[in-house]
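Note: the block below is input-v4.cif and it holds mmCIF, C-alpha atoms.
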data_query
#
loop_
_atom_site.label_atom_id
_atom_site.label_comp_id
_atom_site.auth_asym_id
_atom_site.auth_seq_id
_atom_site.Cartn_x
_atom_site.Cartn_y
_atom_site.Cartn_z
CA MET A 1 214.77 153.70 -164.78
CA ASN A 2 216.97 152.05 -162.16
CA TYR A 3 215.79 151.30 -158.63
CA LEU A 4 217.37 154.32 -156.91
CA LYS A 5 216.28 156.77 -159.61
CA ALA A 6 212.72 155.41 -159.45
CA ARG A 7 212.55 155.84 -155.67
CA GLU A 8 213.92 159.37 -155.88
CA LYS A 9 211.40 160.27 -158.59
CA ILE A 10 208.52 158.99 -156.42
CA ALA A 11 209.73 160.80 -153.29
CA ARG A 12 210.21 164.07 -155.22
CA ARG A 13 206.68 163.92 -156.63
CA VAL A 14 205.01 163.03 -153.31
CA ALA A 15 206.85 165.95 -151.67
CA ARG A 16 204.90 168.36 -153.90
CA GLU A 17 201.58 167.23 -152.39
CA PHE A 18 201.95 169.19 -149.18
CA GLU A 19 201.04 172.68 -148.12
CA ASP A 20 202.84 174.81 -145.60
CA GLY A 21 201.93 173.71 -142.07
CA ASP A 22 200.59 170.26 -142.97
CA LEU A 23 200.93 167.57 -140.28
CA VAL A 24 202.19 164.43 -142.02
CA ASN A 25 203.17 160.89 -141.04
CA LEU A 26 205.69 159.17 -143.29
CA GLY A 27 205.93 155.37 -143.26
CA ILE A 28 209.21 153.50 -142.98
CA GLY A 29 211.32 153.04 -146.15
CA LEU A 30 210.54 154.93 -149.36
CA PRO A 31 207.96 157.26 -147.69
CA THR A 32 210.66 158.44 -145.25
CA MET A 33 212.66 159.77 -148.25
CA VAL A 34 209.88 162.28 -149.01
CA ALA A 35 211.15 164.55 -146.21
CA ASP A 36 214.36 165.19 -148.18
CA TYR A 37 212.50 166.73 -151.14
CA ILE A 38 210.07 169.20 -149.55
CA GLU A 39 210.33 172.64 -151.24
CA ASP A 40 212.19 175.33 -149.29
CA ASP A 41 209.13 177.57 -148.96
CA VAL A 42 206.99 174.76 -147.54
CA GLU A 43 207.37 173.62 -143.96
CA ILE A 44 205.54 170.50 -142.93
CA ILE A 45 205.40 169.03 -139.44
CA LEU A 46 206.23 165.36 -139.26
CA HIS A 47 204.44 163.07 -136.81
CA SER A 48 206.27 160.03 -135.43
CA GLU A 49 203.76 157.44 -134.21
CA ASN A 50 205.95 156.33 -131.27
CA GLY A 51 205.16 159.66 -129.69
CA PHE A 52 206.09 163.09 -131.03
CA VAL A 53 205.55 165.80 -133.60
CA GLY A 54 208.45 167.76 -135.05
CA LEU A 55 210.45 164.77 -136.26
CA GLY A 56 213.81 165.95 -137.59
CA PRO A 57 216.60 164.31 -139.57
CA ALA A 58 219.02 161.67 -138.27
CA PRO A 59 221.57 163.13 -135.82
CA VAL A 60 225.23 163.48 -136.74
CA GLU A 61 227.30 160.55 -135.57
CA GLY A 62 228.11 160.73 -131.88
CA GLU A 63 225.11 162.95 -131.06
CA GLU A 64 222.44 160.24 -130.93
CA ASP A 65 219.97 160.47 -128.02
CA LYS A 66 218.85 157.00 -126.90
CA ASP A 67 215.45 158.45 -125.97
CA ILE A 68 214.67 159.96 -129.40
CA THR A 69 213.97 157.32 -132.03
CA ASN A 70 211.59 157.02 -134.96
CA ALA A 71 208.94 154.33 -135.38
CA GLY A 72 211.59 151.99 -136.77
CA GLY A 73 213.72 152.36 -133.64
CA GLN A 74 216.39 154.43 -135.44
CA PRO A 75 217.95 157.50 -133.79
CA VAL A 76 216.40 160.79 -135.01
CA THR A 77 216.07 164.37 -133.76
CA ILE A 78 213.21 166.66 -132.74
CA LYS A 79 212.87 170.12 -134.28
CA LYS A 80 212.25 173.38 -132.42
CA GLY A 81 208.56 173.63 -131.55
CA GLY A 82 208.18 169.85 -131.43
CA ALA A 83 206.44 167.97 -128.62
CA PHE A 84 206.58 164.51 -127.10
CA PHE A 85 203.53 162.57 -125.90
CA ASP A 86 202.47 159.01 -125.09
CA SER A 87 201.11 156.33 -127.44
CA VAL A 88 197.46 157.04 -126.55
CA SER A 89 197.82 160.72 -127.56
CA SER A 90 199.77 159.74 -130.65
CA PHE A 91 196.85 157.66 -131.91
CA MET A 92 194.31 160.29 -130.86
CA ILE A 93 196.12 162.50 -133.37
CA ILE A 94 196.02 159.76 -136.01
CA ARG A 95 192.50 158.40 -135.51
CA GLY A 96 190.94 161.69 -134.53
CA GLY A 97 191.49 163.23 -137.98
CA HIS A 98 194.23 165.65 -136.87
CA LEU A 99 196.72 164.32 -139.41
CA ASP A 100 196.59 166.02 -142.83
CA ALA A 101 198.21 163.11 -144.64
CA THR A 102 200.05 159.85 -144.36
CA VAL A 103 202.41 158.40 -146.95
CA LEU A 104 202.62 154.61 -146.97
CA GLY A 105 204.23 151.92 -149.09
CA ALA A 106 202.18 149.14 -150.70
CA LEU A 107 202.41 145.50 -151.56
CA GLN A 108 199.16 145.90 -153.51
CA VAL A 109 196.59 148.63 -154.03
CA ASP A 110 193.39 148.25 -156.05
CA GLN A 111 190.90 150.31 -158.04
CA GLU A 112 188.49 150.40 -155.09
CA GLY A 113 191.09 152.21 -152.98
CA ASN A 114 191.91 149.14 -150.90
CA LEU A 115 195.47 148.83 -149.61
CA ALA A 116 197.49 145.73 -148.67
CA ASN A 117 200.87 146.43 -147.12
CA TRP A 118 201.29 144.44 -143.93
CA MET A 119 201.53 140.71 -144.59
CA ILE A 120 202.08 137.92 -147.10
CA PRO A 121 200.45 134.79 -145.62
CA GLY A 122 202.98 132.04 -144.99
CA LYS A 123 205.92 134.30 -145.83
CA MET A 124 206.06 137.66 -144.15
CA VAL A 125 203.98 138.56 -141.10
CA PRO A 126 205.64 141.61 -139.54
CA GLY A 127 202.40 142.96 -138.10
CA MET A 128 200.46 146.08 -138.99
CA GLY A 129 202.11 148.41 -136.47
CA GLY A 130 200.34 151.75 -136.88
CA ALA A 131 199.42 151.33 -140.56
CA MET A 132 195.77 150.35 -140.04
CA ASP A 133 195.14 153.35 -137.78
CA LEU A 134 196.99 155.68 -140.17
CA THR A 135 194.97 154.62 -143.21
CA VAL A 136 191.58 155.07 -141.51
CA GLY A 137 192.57 158.20 -139.59
CA ALA A 138 194.63 160.45 -141.86
CA ARG A 139 192.64 162.91 -143.97
CA ARG A 140 194.62 161.93 -147.08
CA VAL A 141 196.25 158.56 -147.69
CA ILE A 142 199.03 158.72 -150.28
CA VAL A 143 200.53 155.46 -151.48
CA ALA A 144 204.14 155.76 -152.63
CA THR A 145 205.22 152.64 -154.47
CA GLN A 146 207.07 151.37 -157.48
CA HIS A 147 204.63 150.68 -160.28
CA VAL A 148 205.33 146.93 -160.56
CA THR A 149 207.00 144.29 -158.34
CA LYS A 150 210.65 143.31 -158.73
CA LYS A 151 209.42 140.42 -160.88
CA GLY A 152 207.51 142.84 -163.10
CA GLN A 153 204.02 141.94 -161.81
CA ALA A 154 201.34 144.60 -161.48
CA LYS A 155 200.87 146.07 -157.97
CA ILE A 156 197.93 148.29 -158.91
CA LEU A 157 195.19 145.72 -159.29
CA LYS A 158 191.48 145.30 -159.92
CA LYS A 159 191.23 143.59 -156.53
CA CYS A 160 193.88 143.04 -153.85
CA ASN A 161 194.39 139.35 -152.99
CA LEU A 162 196.66 139.90 -149.96
CA PRO A 163 195.14 140.66 -146.52
CA LEU A 164 194.03 144.29 -146.47
CA THR A 165 195.43 147.07 -144.31
CA ALA A 166 192.29 149.15 -144.89
CA ARG A 167 189.22 149.21 -147.09
CA LYS A 168 188.60 152.08 -149.55
CA GLU A 169 190.86 154.58 -147.83
CA VAL A 170 193.54 155.41 -150.45
CA ASP A 171 193.32 158.88 -152.04
CA LEU A 172 196.38 159.05 -154.29
CA ILE A 173 198.97 156.67 -155.78
CA VAL A 174 202.37 157.95 -156.84
CA THR A 175 204.76 155.67 -158.76
CA GLU A 176 207.85 156.35 -160.88
CA LEU A 177 205.57 156.19 -163.96
CA ALA A 178 202.33 157.84 -162.94
CA VAL A 179 200.18 159.79 -160.49
CA MET A 180 196.69 158.34 -160.02
CA GLU A 181 193.85 159.79 -157.97
CA PHE A 182 190.75 158.10 -156.58
CA THR A 183 187.55 159.92 -157.56
CA GLU A 184 183.87 159.02 -157.41
CA LYS A 185 184.10 157.80 -161.01
CA GLY A 186 187.14 155.59 -160.38
CA LEU A 187 190.92 155.72 -160.53
CA VAL A 188 192.05 158.65 -162.68
CA LEU A 189 195.47 158.80 -164.37
CA LYS A 190 196.40 162.45 -163.80
CA GLU A 191 200.07 162.61 -164.59
CA ILE A 192 202.65 160.50 -166.36
CA ALA A 193 206.43 160.64 -166.02
CA LYS A 194 208.41 162.43 -168.74
CA GLY A 195 209.39 159.99 -171.47
CA VAL A 196 206.66 157.49 -170.58
CA ASP A 197 203.59 156.98 -172.76
CA VAL A 198 200.07 156.20 -171.64
CA GLU A 199 200.13 152.74 -173.24
CA GLU A 200 203.08 151.70 -171.07
CA VAL A 201 201.26 152.81 -167.91
CA ILE A 202 198.08 150.98 -168.93
CA LYS A 203 200.07 147.83 -169.77
CA LYS A 204 201.73 147.81 -166.36
CA THR A 205 198.49 148.54 -164.46
CA GLU A 206 195.86 145.86 -163.91
CA ALA A 207 193.33 148.31 -162.48
CA GLU A 208 191.05 150.15 -164.86
CA LEU A 209 192.33 153.67 -165.39
CA ILE A 210 190.32 156.70 -166.45
CA ILE A 211 192.68 158.89 -168.48
CA SER A 212 192.39 162.51 -167.42
CA GLU A 213 191.46 164.94 -170.19
CA ASP A 214 194.04 167.21 -168.66
CA LEU A 215 196.90 164.68 -168.49
CA LYS A 216 200.11 166.29 -167.28
CA GLU A 217 203.76 165.32 -167.16
CA PHE A 218 205.93 165.19 -164.04
CA MET B 1 204.91 152.24 -96.52
CA GLY B 2 207.97 152.45 -98.74
CA LYS B 3 207.69 151.64 -102.45
CA VAL B 4 211.42 151.43 -103.07
CA ILE B 5 212.66 147.84 -103.12
CA ASN B 6 215.90 146.18 -104.20
CA PRO B 7 216.43 143.87 -107.21
CA GLU B 8 216.28 140.80 -104.91
CA GLU B 9 212.88 141.76 -103.48
CA VAL B 10 211.26 142.29 -106.89
CA LYS B 11 211.71 138.57 -107.64
CA ASP B 12 208.95 137.81 -105.11
CA TYR B 13 206.39 139.39 -107.43
CA LEU B 14 207.42 137.70 -110.67
CA ALA B 15 206.30 134.16 -111.53
CA ASP B 16 205.72 131.72 -114.38
CA GLU B 17 202.45 132.05 -116.33
CA GLN B 18 201.92 135.70 -115.48
CA THR B 19 200.56 138.21 -117.97
CA ILE B 20 203.17 140.96 -118.11
CA MET B 21 202.93 144.31 -119.88
CA VAL B 22 206.25 145.82 -120.85
CA GLY B 23 206.69 149.48 -121.84
CA GLY B 24 208.90 150.59 -124.71
CA PHE B 25 208.86 150.92 -128.48
CA MET B 26 211.51 148.97 -130.39
CA GLU B 27 213.28 148.84 -127.00
CA CYS B 28 213.41 152.66 -126.67
CA GLY B 29 211.94 153.24 -123.21
CA ALA B 30 211.92 149.53 -122.32
CA PRO B 31 212.76 148.59 -118.69
CA LEU B 32 215.89 146.64 -119.63
CA LYS B 33 217.12 145.91 -116.08
CA LEU B 34 213.75 144.46 -115.09
CA ILE B 35 213.76 142.35 -118.26
CA ASP B 36 217.23 141.16 -117.22
CA ILE B 37 215.70 139.86 -113.99
CA LEU B 38 213.02 137.94 -115.92
CA LEU B 39 215.79 136.45 -118.07
CA ALA B 40 218.11 135.61 -115.17
CA GLU B 41 215.35 134.05 -113.05
CA GLY B 42 214.24 131.71 -115.84
CA ILE B 43 210.64 132.91 -115.60
CA LYS B 44 208.58 131.27 -118.37
CA ASP B 45 205.17 130.55 -119.93
CA LEU B 46 204.45 134.26 -119.91
CA THR B 47 201.82 136.19 -121.80
CA LEU B 48 203.66 139.31 -122.93
CA ILE B 49 201.88 142.51 -123.92
CA ALA B 50 204.05 145.11 -125.65
CA ASN B 51 204.06 147.30 -128.74
CA ASP B 52 206.56 144.98 -130.46
CA THR B 53 208.90 142.07 -129.75
CA GLY B 54 212.07 144.16 -130.12
CA PHE B 55 215.13 142.97 -131.96
CA THR B 56 216.41 139.39 -132.27
CA ASP B 57 219.62 140.42 -130.48
CA GLY B 58 217.93 142.82 -128.04
CA LYS B 59 216.93 142.40 -124.39
CA PHE B 60 213.18 142.19 -124.83
CA GLY B 61 213.86 140.16 -127.96
CA SER B 62 215.77 137.65 -125.82
CA LEU B 63 212.58 136.79 -123.91
CA ILE B 64 211.27 135.46 -127.24
CA VAL B 65 214.55 133.91 -128.37
CA GLU B 66 214.78 132.06 -125.03
CA LYS B 67 211.16 130.89 -125.42
CA ARG B 68 209.88 132.47 -122.22
CA ALA B 69 206.55 133.45 -123.73
CA ARG B 70 203.53 131.28 -124.45
CA LYS B 71 201.63 134.16 -125.99
CA VAL B 72 202.47 137.62 -127.30
CA ILE B 73 200.04 140.48 -127.87
CA ALA B 74 201.76 143.15 -129.98
CA SER B 75 201.38 145.42 -133.02
CA HIS B 76 204.67 144.55 -134.72
CA ILE B 77 206.97 141.52 -134.66
CA GLY B 78 208.95 142.11 -137.88
CA LEU B 79 212.30 143.11 -136.37
CA ASN B 80 212.58 139.96 -134.27
CA LYS B 81 212.67 137.06 -136.73
CA GLU B 82 212.40 134.55 -133.88
CA THR B 83 208.83 135.64 -133.10
CA GLY B 84 207.62 134.81 -136.61
CA LEU B 85 209.57 131.52 -136.69
CA GLN B 86 208.06 130.32 -133.39
CA MET B 87 204.62 131.48 -134.49
CA ASN B 88 204.85 129.54 -137.78
CA LYS B 89 206.01 126.42 -135.91
CA GLY B 90 203.03 126.72 -133.58
CA GLU B 91 205.24 127.19 -130.51
CA LEU B 92 204.10 130.72 -129.78
CA GLU B 93 200.64 132.23 -129.98
CA VAL B 94 200.76 135.73 -131.47
CA GLU B 95 197.84 138.16 -131.39
CA LEU B 96 198.58 141.07 -133.72
CA VAL B 97 196.72 144.24 -132.74
CA PRO B 98 196.82 147.58 -134.60
CA GLN B 99 199.03 149.92 -132.58
CA GLY B 100 196.38 152.52 -131.83
CA THR B 101 193.91 149.79 -130.86
CA LEU B 102 196.51 148.23 -128.55
CA ALA B 103 197.13 151.54 -126.77
CA GLU B 104 193.40 152.23 -126.43
CA ARG B 105 192.59 148.69 -125.19
CA ILE B 106 195.16 149.16 -122.44
CA ARG B 107 193.76 152.61 -121.68
CA SER B 108 190.24 151.17 -121.49
CA TYR B 109 191.31 148.67 -118.85
CA GLY B 110 193.09 151.29 -116.77
CA ALA B 111 190.17 153.68 -117.14
CA GLY B 112 187.53 151.13 -116.15
CA LEU B 113 185.82 151.09 -119.54
CA GLY B 114 184.20 148.06 -121.16
CA GLY B 115 185.94 148.75 -124.45
CA PHE B 116 185.46 151.14 -127.35
CA TYR B 117 184.41 151.32 -130.99
CA THR B 118 187.14 152.08 -133.54
CA PRO B 119 187.13 152.35 -137.34
CA THR B 120 190.59 150.75 -137.41
CA GLY B 121 190.55 147.28 -138.97
CA VAL B 122 187.10 147.50 -140.59
CA GLY B 123 187.15 145.39 -143.77
CA THR B 124 190.34 143.55 -142.72
CA VAL B 125 191.13 140.29 -140.87
CA VAL B 126 191.13 142.33 -137.64
CA GLU B 127 187.32 142.50 -137.68
CA LYS B 128 186.98 138.71 -137.48
CA GLY B 129 184.68 137.69 -134.63
CA LYS B 130 184.15 141.26 -133.45
CA ASN B 131 180.93 143.13 -132.88
CA LYS B 132 180.36 145.79 -135.58
CA LYS B 133 178.26 148.88 -135.19
CA GLU B 134 177.29 151.71 -137.48
CA ILE B 135 177.58 155.09 -135.79
CA ASN B 136 176.63 158.23 -137.74
CA GLY B 137 176.86 156.32 -141.01
CA LYS B 138 180.34 154.91 -140.40
CA GLU B 139 181.33 151.36 -139.44
CA TYR B 140 183.19 150.64 -136.21
CA LEU B 141 184.55 147.54 -134.44
CA LEU B 142 184.15 146.84 -130.75
CA GLU B 143 187.54 146.34 -129.09
CA LEU B 144 187.78 145.07 -125.52
CA PRO B 145 189.94 146.21 -122.59
CA LEU B 146 193.35 144.67 -122.00
CA GLY B 147 195.00 144.45 -118.58
CA ALA B 148 197.82 142.49 -116.96
CA ASP B 149 199.04 140.97 -113.70
CA ILE B 150 202.23 143.02 -113.84
CA ALA B 151 203.34 146.15 -115.70
CA LEU B 152 207.06 146.82 -116.05
CA ILE B 153 207.56 150.54 -116.58
CA LYS B 154 210.64 152.58 -117.49
CA ALA B 155 210.78 156.08 -116.01
CA TRP B 156 213.33 158.84 -116.44
CA GLN B 157 212.84 160.28 -112.95
CA VAL B 158 210.69 158.88 -110.19
CA ASP B 159 210.30 160.09 -106.63
CA GLN B 160 209.93 157.75 -103.66
CA ALA B 161 206.15 158.21 -103.80
CA GLY B 162 206.16 156.82 -107.35
CA ASN B 163 205.51 160.05 -109.27
CA ILE B 164 207.02 159.63 -112.74
CA ILE B 165 208.50 161.85 -115.43
CA TYR B 166 209.34 160.04 -118.67
CA SER B 167 212.04 161.10 -121.10
CA LYS B 168 211.26 162.24 -124.67
CA SER B 169 210.04 159.46 -126.98
CA ALA B 170 210.82 156.86 -124.30
CA ARG B 171 207.38 157.65 -122.84
CA ASN B 172 205.41 155.73 -125.51
CA PHE B 173 203.41 152.83 -123.94
CA ASN B 174 204.85 153.29 -120.43
CA GLN B 175 202.36 155.94 -119.37
CA VAL B 176 199.22 154.03 -120.32
CA MET B 177 200.51 150.67 -119.03
CA ALA B 178 201.21 152.18 -115.60
CA ALA B 179 197.45 152.28 -115.01
CA ALA B 180 196.53 148.87 -116.41
CA ALA B 181 198.06 146.16 -114.19
CA ASP B 182 197.47 144.70 -110.71
CA ILE B 183 201.10 145.34 -109.77
CA VAL B 184 203.05 148.20 -111.33
CA ILE B 185 206.84 148.00 -111.04
CA VAL B 186 209.07 150.88 -112.07
CA GLU B 187 212.69 151.04 -113.20
CA ALA B 188 214.10 154.56 -113.36
CA GLU B 189 217.23 156.35 -114.43
CA GLU B 190 217.00 158.40 -111.27
CA ILE B 191 215.15 157.94 -107.97
CA VAL B 192 214.78 161.17 -106.02
CA PRO B 193 213.33 161.99 -102.58
CA THR B 194 209.59 162.71 -102.47
CA GLY B 195 208.95 166.39 -103.04
CA GLU B 196 211.88 166.98 -105.38
CA LEU B 197 209.87 166.68 -108.60
CA ASP B 198 207.61 169.53 -109.68
CA PRO B 199 203.98 168.28 -109.29
CA ASN B 200 203.18 170.30 -112.41
CA GLN B 201 205.48 168.13 -114.55
CA ILE B 202 204.41 164.67 -113.32
CA MET B 203 203.18 162.40 -116.13
CA THR B 204 202.12 159.38 -114.04
CA PRO B 205 200.90 160.10 -110.49
CA GLY B 206 202.50 157.90 -107.86
CA ILE B 207 199.15 156.44 -106.83
CA PHE B 208 199.43 154.09 -109.83
CA VAL B 209 202.85 152.78 -108.81
CA ASP B 210 203.37 149.85 -106.42
CA TYR B 211 207.13 149.34 -106.45
CA ILE B 212 210.25 151.20 -107.55
CA VAL B 213 213.33 149.05 -107.97
CA ASP B 214 216.57 150.64 -106.84
CA PHE B 215 219.38 149.21 -108.97
CA SER B 216 222.10 151.51 -107.55
#
Spit out the file's structure as structure tokens when you get a sec.
Amino acid sequence: MNYLKAREKIARRVAREFEDGDLVNLGIGLPTMVADYIEDDVEIILHSENGFVGLGPAPVEGEEDKDITNAGGQPVTIKKGGAFFDSVSSFMIIRGGHLDATVLGALQVDQEGNLANWMIPGKMVPGMGGAMDLTVGARRVIVATQHVTKKGQAKILKKCNLPLTARKEVDLIVTELAVMEFTEKGLVLKEIAKGVDVEEVIKKTEAELIISEDLKEF
Amino acid sequence: MGKVINPEEVKDYLADEQTIMVGGFMECGAPLKLIDILLAEGIKDLTLIANDTGFTDGKFGSLIVEKRARKVIASHIGLNKETGLQMNKGELEVELVPQGTLAERIRSYGAGLGGFYTPTGVGTVVEKGKNKKEINGKEYLLELPLGADIALIKAWQVDQAGNIIYSKSARNFNQVMAAAADIVIVEAEEIVPTGELDPNQIMTPGIFVDYIVDFS
């Protein structure tokens, strides 16, 4: 599967996780694409950590409002019924458990539910932004990531070796190959992509997987 | 006593080695004309507190590019490559703070609190050196208040008494910073006579504001 197809497949699958009325924060990059694939009969409310709910799509060219941007500083819109607030209120929503879910990318995620997505020592230190608050605060943490790195190395590990974003907070991992859920017993492989077999998923995953007795295709 | 001053007068309050809080989020809602004064006056050795260090080619970003800061306290520095370069060379001290923790530390200072316990950062490098406490079976970190000598605030409308209304997502850190510095200086898109703004719509009461700079 090529890069673009893989990203689309992940975004499409994550989009099916939400119920009508859910309040959701989408991280920058691949998670942002999820908004394009929400079913017509489901309406979710998007939270933008810089200070509003009701985040809408990018404006048409020429209609940008300098005072409405997303958390990446890009021009966006606000939907009817949306509301602006300050950074303190924005993180009350996040930390206070008012957010149904957050979708975040990953550098690494491990079988304990630990997530690393904010720095590579010596190479990339962008800062954690709102990611640490989102992972501890959102009721569900969904990791949307390609299954392996560009060099083919496993990203779903026994133990993360990069600095963590949060400890034991991840609930679900969605990749172009598989959907995996954290349970009390461990990380359960629930779904595999059409045309992919379980052996391939196991080979490309360092973490120990429990294969669901009710394994589905997506 | 009038709060409205001109761009010449504001220079009297700005100096090297100050700790300055600057509102804005990726430069949306940043007080760009006040930053221009910092740049033009050559003010240096600053400790800057802001959500992020902006863009390499942006206004706030220029404070970093021109090496005006000795220390930065921010949640994100990734869109200004210069910040990371200076940090790796040891020229700039960078304290990375989770965004919600940054906002709440500033709020604590303005609200006269000694800090707060947050679950954010537990089990990560953020917890290093911090007091941990278990509350109702869950682990929390003690985070301390954060204040500044000066806060530079961007308003949409301000009246001559300093009452502020912010615009849309340009509110971000401006509102909380307006209560957390010894001297609070406001740049606005519009300055109106006292009494023209609806008291019911005010987001920052004028009692927090020391000066309003009239750039017209």
task = State, in Å with one decimal place, the distance from CA of Ser108 (chain B) to CA of Ala178 (chain B).
result =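 Value for the CA of Ser108 (chain B)-CA of Ala178 (chain B) distance: 12.5 Å.
Atom pair CA of Ser167 (chain B) / CA of Asp86 (chain A) has a distance of 10.6 Å (rounded to one decimal).
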ask   = Just how far from CA of Thr135 (chain A) is CA of Ile120 (chain A), in Å to one decimal?
value = 18.6 Å
Select from chain B every residue with an atom at most 9 Å from any atom of chain A, then for each give the shortest pair of atoms and their distance in Å to one decimal, using only C-alpha atoms, rows by chain and rising number, as a tab-separated table.
residue	atom	partner	partner_atom	distance
B:Phe25	CA	A:Asn50	CA	6.7
B:Met26	CA	A:Gly73	CA	5.2
B:Glu27	CA	A:Gly73	CA	7.5
B:Cys28	CA	A:Asp67	CA	6.2
B:Gly29	CA	A:Asp67	CA	6.9
B:Asn51	CA	A:Gly129	CA	8.0
B:Asp52	CA	A:Gly129	CA	8.2
B:Ala74	CA	A:Gly127	CA	8.1
B:Ser75	CA	A:Gly129	CA	4.6
B:His76	CA	A:Gly127	CA	4.4
B:Ile77	CA	A:Pro126	CA	5.1
B:Gly78	CA	A:Pro126	CA	3.7
B:Leu79	CA	A:Pro126	CA	7.5
B:Asn80	CA	A:Pro126	CA	8.9
B:Lys81	CA	A:Pro126	CA	8.8
B:Gly84	CA	A:Val125	CA	6.9
B:Asn88	CA	A:Gly122	CA	7.9
B:Leu96	CA	A:Gly127	CA	6.1
B:Val97	CA	A:Met128	CA	7.5
B:Pro98	CA	A:Gly129	CA	5.7
B:Gln99	CA	A:Gly130	CA	4.9
B:Gly100	CA	A:Phe91	CA	5.2
B:Thr101	CA	A:Asp133	CA	7.9
B:Ala103	CA	A:Val88	CA	5.5
B:Glu104	CA	A:Val88	CA	6.3
B:Arg107	CA	A:Val88	CA	7.6
B:Thr118	CA	A:Arg95	CA	8.5
B:Pro119	CA	A:Val136	CA	6.7
B:Thr120	CA	A:Asp133	CA	5.3
B:Gly121	CA	A:Met132	CA	6.1
B:Val122	CA	A:Ala166	CA	6.9
B:Gly123	CA	A:Arg167	CA	5.5
B:Thr124	CA	A:Leu164	CA	5.3
B:Val125	CA	A:Pro163	CA	6.9
B:Ser167	CA	A:Asp67	CA	6.5
B:Lys168	CA	A:Phe84	CA	5.7
B:Ser169	CA	A:Ile68	CA	5.2
B:Ala170	CA	A:Asp67	CA	5.2
B:Arg171	CA	A:Asp86	CA	5.6
B:Asn172	CA	A:Asp86	CA	4.4
B:Phe173	CA	A:Ser87	CA	5.5
B:Asn174	CA	A:Asp86	CA	7.8
B:Gln175	CA	A:Asp86	CA	6.5
B:Val176	CA	A:Val88	CA	7.1
request  = With all atoms listed in the file counted, which protein, DNA or RNA residues have an atom no more than 7 Å from (207.2, 159.8, -159.8) in the file frame? Please answer as a list in words.
outcome  =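 The distance filter leaves exactly Lys9, Ile10, Arg12, Arg13, Val174, Thr175, Glu176, Leu177, Ala178, Ala193 and Phe218 of chain A.
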request  = List the residues matched by the PyMOL selection byres ((chain B and resi 198) around 12) in the displayed structure as a PyMOL selection string, ordered by chain and then by residue number.
outcome  = chain B and resi 157-159+163-165+192-197+199-203+205
ask   = Excluding same-chain residues fewer than 2 positions from Glu9 (chain B), what lies within 12 Å of it counting all atoms listed in the file, as a PyMOL selection string?
value = chain B and resi 3-7+11-14+34+37+185+211-215
query = Hey, which of A:Val188, A:Ala11, A:Val34, A:Leu209 ends up closest to Pro57 (chain A)? Count all atoms listed in the file.
reply =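 Residue with the minimum atom-to-atom distance to Pro57 (chain A): A:Val34.
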key: Residues near Leu146 (chain B), cut-off 10 Å, all atoms listed in the file, skip fewer than 4 positions along chain, as a ChimeraX atom specification   = /B:21,49,73,102-110,114-115,177,180-181
ask   = Hey, which of A:Lys190, A:Lys159, A:Lys204, A:Lys185 ends up closest to Leu115 (chain A)? Count all atoms listed in the file.
value =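 Looking only at the distances to Leu115 (chain A), the closest residue turns out to be A:Lys159.
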